[in-house]
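Report on one structure; see the data block that follows.
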Amino acid sequence: MHLIGLLGGTFNPIHYGHLRMAQELADALKFSEVRFIPSANPPHKTTPEVNAKHRATMVDLAISNNQTFALDTRELERAGASYTIDTLISLREELGNDVALCLIMGSDAFVHLNTWARWQELLNYCHIILVQRPNASKQPKLTDELALLLQDNYTENIADLSEKSAGYIHMQAITPLDISSTGIRNALKNKLSPRYLAPEKVIDYLFKHKLYQ
C-alpha cells in the first residue's frame, strides 16, 4: 500500500524547517508523495495577514524542484474554517482505500488534538505521524484521553503503516531545525534579511510583493 504524507499548515511563510522535515519523513517512511496543504482559515490560529493565494504560491515555488512534493489547494477552495477532518474525508473519497494517508503533526499540535473538530474520527481516515518540535520540553502533558489514544493506537513498526490505510500513531525522529515563520516575519518587519531561512525563490517573492513588511 502506498503511503502519502499530508503536511498542513498556514505556511506563513513556508521555510526550510517545513521542507527538511517533509524530506526526512519521506525518506524514512517511504512516502510516495508528500502533499503540502495550506489552510485558508485555520480554526486554532488568527487568520494570516498574508492571503491564501500568496501563501500557496510560495509553497508551490518552494517545492517546484522536488518530484515527491505536491501542492494541494483543497482547503483554499472550500468555504469556512479549514477543518482537518473535512480534508481527510475529501482525500479519502478522491484516493480510495488503497493508499495510506499519513497526517504529519508536530508534538505541540498533538497536545491540543482534543480541541480539534471531530478529533475522535481522525484515525478512521489516516495514520498520524508525530514529530518533535524544537523546544518540545516546554510542552504541557497529554490529557488522559489523548494519552489513551496514543497508547491504544501507537506503533513503532514502520511496516505497520503500509498494512492498512489508517488507524496508527507513529513517532518519527527528525533533525529539528529551529526555524520559524514568526522569525521570518519579524526579520522582514525589522528590515533584517531572512535569507537562508527559506528557499531563494520564496525570499525573492517576499521582497517582490513586499509581504510582512
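Going through the C-alpha cells in order, the chains are called A, B, and so on, while each chain numbers its residues from 1 and the ligands are numbered from 1 in the order shown.
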Residue contacts of Tyr212 in chain A (7 Å, only C-alpha atoms) excluding same-chain residues fewer than 6 positions away, as a JSON list (two decimals) with N, CA and C atoms, in the first residue's frame:
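Dumped everything to result-v8.json:
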```json
[["chain", "number", "residue", "atom", "x", "y", "z"],
["A", 185, "ARG", "N", 8.94, 36.49, 9.58],
["A", 185, "ARG", "CA", 8.09, 37.69, 9.56],
["A", 185, "ARG", "C", 8.72, 38.83, 10.37],
["A", 188, "LEU", "N", 11.62, 40.47, 8.52],
["A", 188, "LEU", "CA", 11.17, 41.39, 7.47],
["A", 188, "LEU", "C", 10.64, 42.69, 8.06],
["A", 189, "LYS", "N", 9.89, 42.60, 9.15],
["A", 189, "LYS", "CA", 9.34, 43.81, 9.77],
["A", 189, "LYS", "C", 10.43, 44.70, 10.34]]
```
> Thr73 in chain A: which residues within 8 Å, counting only C-alpha atoms, same-chain residues fewer than 2 positions away excluded, as a list in words?
Replying inline: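 In the requested format, the answer is Ile37, Pro38, Ala56, Leu71, Glu75, Leu76 and Glu77 of chain A.
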Pull N, CA and C atoms from the residues just selected and write them as a PDB file, in the first residue's frame.
```pdb
ATOM      1  N   ILE A  37      -0.550  21.161   2.233  1.00  0.00           N
ATOM      2  CA  ILE A  37      -1.945  21.603   2.192  1.00  0.00           C
ATOM      3  C   ILE A  37      -2.095  22.909   2.975  1.00  0.00           C
ATOM      4  N   PRO A  38      -1.962  24.052   2.304  1.00  0.00           N
ATOM      5  CA  PRO A  38      -2.121  25.326   3.017  1.00  0.00           C
ATOM      6  C   PRO A  38      -3.564  25.514   3.489  1.00  0.00           C
ATOM      7  N   ALA A  56       0.035  29.996  -0.827  1.00  0.00           N
ATOM      8  CA  ALA A  56       0.055  28.811  -1.693  1.00  0.00           C
ATOM      9  C   ALA A  56       1.092  28.954  -2.804  1.00  0.00           C
ATOM     10  N   LEU A  71       1.588  20.349  -4.205  1.00  0.00           N
ATOM     11  CA  LEU A  71       0.722  21.342  -3.575  1.00  0.00           C
ATOM     12  C   LEU A  71      -0.728  20.889  -3.703  1.00  0.00           C
ATOM     13  N   GLU A  75      -8.158  23.098   0.672  1.00  0.00           N
ATOM     14  CA  GLU A  75      -8.653  23.897   1.793  1.00  0.00           C
ATOM     15  C   GLU A  75      -8.859  25.365   1.397  1.00  0.00           C
ATOM     16  N   LEU A  76      -8.125  25.808   0.402  1.00  0.00           N
ATOM     17  CA  LEU A  76      -8.280  27.184  -0.069  1.00  0.00           C
ATOM     18  C   LEU A  76      -9.536  27.341  -0.918  1.00  0.00           C
ATOM     19  N   GLU A  77      -9.998  26.237  -1.469  1.00  0.00           N
ATOM     20  CA  GLU A  77     -11.165  26.273  -2.363  1.00  0.00           C
ATOM     21  C   GLU A  77     -12.461  25.973  -1.623  1.00  0.00           C
TER      22      GLU A  77
END
```
>> Which of range 27-204 of chain A end up as strand (DSSP E or B) when DSSP is run on this backbone - answer as a PyMOL selection string?
In response: chain A and resi 33-38+69-71+99-106+127-131+154+169-171
Those residues with N, CA and C atoms, as a compact mmCIF listing (two decimals), in the first residue's frame please?
```txt
# COMPACT_ATOMS: atom_id res chain seq x y z
N GLU A 33 4.56 10.22 -1.91
CA GLU A 33 4.24 11.62 -2.17
C GLU A 33 4.05 12.32 -0.82
N VAL A 34 4.40 13.59 -0.78
CA VAL A 34 4.04 14.44 0.35
C VAL A 34 3.22 15.60 -0.19
N ARG A 35 2.01 15.75 0.31
CA ARG A 35 1.15 16.85 -0.11
C ARG A 35 1.20 17.98 0.91
N PHE A 36 1.55 19.15 0.43
CA PHE A 36 1.52 20.35 1.26
C PHE A 36 0.14 20.98 1.11
N ILE A 37 -0.55 21.16 2.23
CA ILE A 37 -1.94 21.60 2.19
C ILE A 37 -2.10 22.91 2.98
N PRO A 38 -1.96 24.05 2.30
CA PRO A 38 -2.12 25.33 3.02
C PRO A 38 -3.56 25.51 3.49
N PHE A 69 7.16 16.05 -3.79
CA PHE A 69 6.30 17.04 -3.14
C PHE A 69 5.23 17.55 -4.10
N ALA A 70 4.04 17.82 -3.55
CA ALA A 70 2.93 18.35 -4.36
C ALA A 70 2.15 19.36 -3.54
N LEU A 71 1.59 20.35 -4.20
CA LEU A 71 0.72 21.34 -3.57
C LEU A 71 -0.73 20.89 -3.70
N VAL A 99 -4.66 3.48 -0.47
CA VAL A 99 -3.48 4.24 -0.07
C VAL A 99 -3.59 4.52 1.42
N ALA A 100 -2.46 4.63 2.08
CA ALA A 100 -2.42 5.01 3.49
C ALA A 100 -2.12 6.50 3.57
N LEU A 101 -3.01 7.25 4.18
CA LEU A 101 -2.82 8.68 4.39
C LEU A 101 -2.12 8.88 5.72
N CYS A 102 -1.04 9.64 5.71
CA CYS A 102 -0.22 9.84 6.91
C CYS A 102 -0.19 11.32 7.25
N LEU A 103 -0.96 11.69 8.26
CA LEU A 103 -1.07 13.08 8.68
C LEU A 103 0.13 13.45 9.55
N ILE A 104 0.97 14.34 9.05
CA ILE A 104 2.17 14.76 9.77
C ILE A 104 1.78 15.84 10.78
N MET A 105 2.17 15.62 12.03
CA MET A 105 1.73 16.52 13.08
C MET A 105 2.87 16.76 14.08
N GLY A 106 3.10 18.00 14.43
CA GLY A 106 4.07 18.30 15.47
C GLY A 106 3.56 17.86 16.82
N HIS A 127 -3.31 7.63 9.30
CA HIS A 127 -2.34 7.43 10.37
C HIS A 127 -1.89 8.82 10.81
N ILE A 128 -1.43 8.94 12.02
CA ILE A 128 -0.83 10.19 12.49
C ILE A 128 0.66 9.96 12.71
N ILE A 129 1.47 10.80 12.10
CA ILE A 129 2.92 10.74 12.25
C ILE A 129 3.34 11.90 13.13
N LEU A 130 3.83 11.60 14.32
CA LEU A 130 4.23 12.65 15.26
C LEU A 130 5.71 12.94 15.13
N VAL A 131 6.05 14.22 15.08
CA VAL A 131 7.45 14.65 15.07
C VAL A 131 7.66 15.65 16.20
N TYR A 154 -0.64 3.27 19.11
CA TYR A 154 0.77 3.52 18.82
C TYR A 154 1.46 2.31 18.22
N ILE A 169 -0.73 5.50 15.16
CA ILE A 169 0.06 6.68 15.52
C ILE A 169 1.51 6.23 15.60
N HIS A 170 2.39 6.94 14.92
CA HIS A 170 3.81 6.59 14.88
C HIS A 170 4.63 7.84 15.18
N MET A 171 5.64 7.70 16.01
CA MET A 171 6.56 8.81 16.28
C MET A 171 7.82 8.61 15.46
```
>> Which residues are close to Ala40 in chain A, i.e. within 9 Å by only C-alpha atoms, leaving aside same-chain residues fewer than 5 positions away? Reply as a ChimeraX atom specification.
In response: /A:10,47-48,51-53,75-82
> Out of A:Thr175, A:Thr84, A:Gln213, A:Ser32, which residue has the shortest atom-to-atom distance to Leu192 in chain A when counting only C-alpha atoms?
Replying inline: A:Gln213
>> I need the residue nearest Tyr83 in chain A from this list: A:Ile63, A:Asn114, A:Asn41, A:Glu49. Use only C-alpha atoms for the distance.
In response: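 Nearest candidate to Tyr83 in chain A out of A:Ile63, A:Asn114, A:Asn41, A:Glu49: A:Asn41.
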> Hey, can you check how far CA of Asn97 in chain A sits from CA of Tyr125 in chain A?
Replying inline: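 CA of Tyr125 in chain A lies 9.0 Å from CA of Asn97 in chain A.
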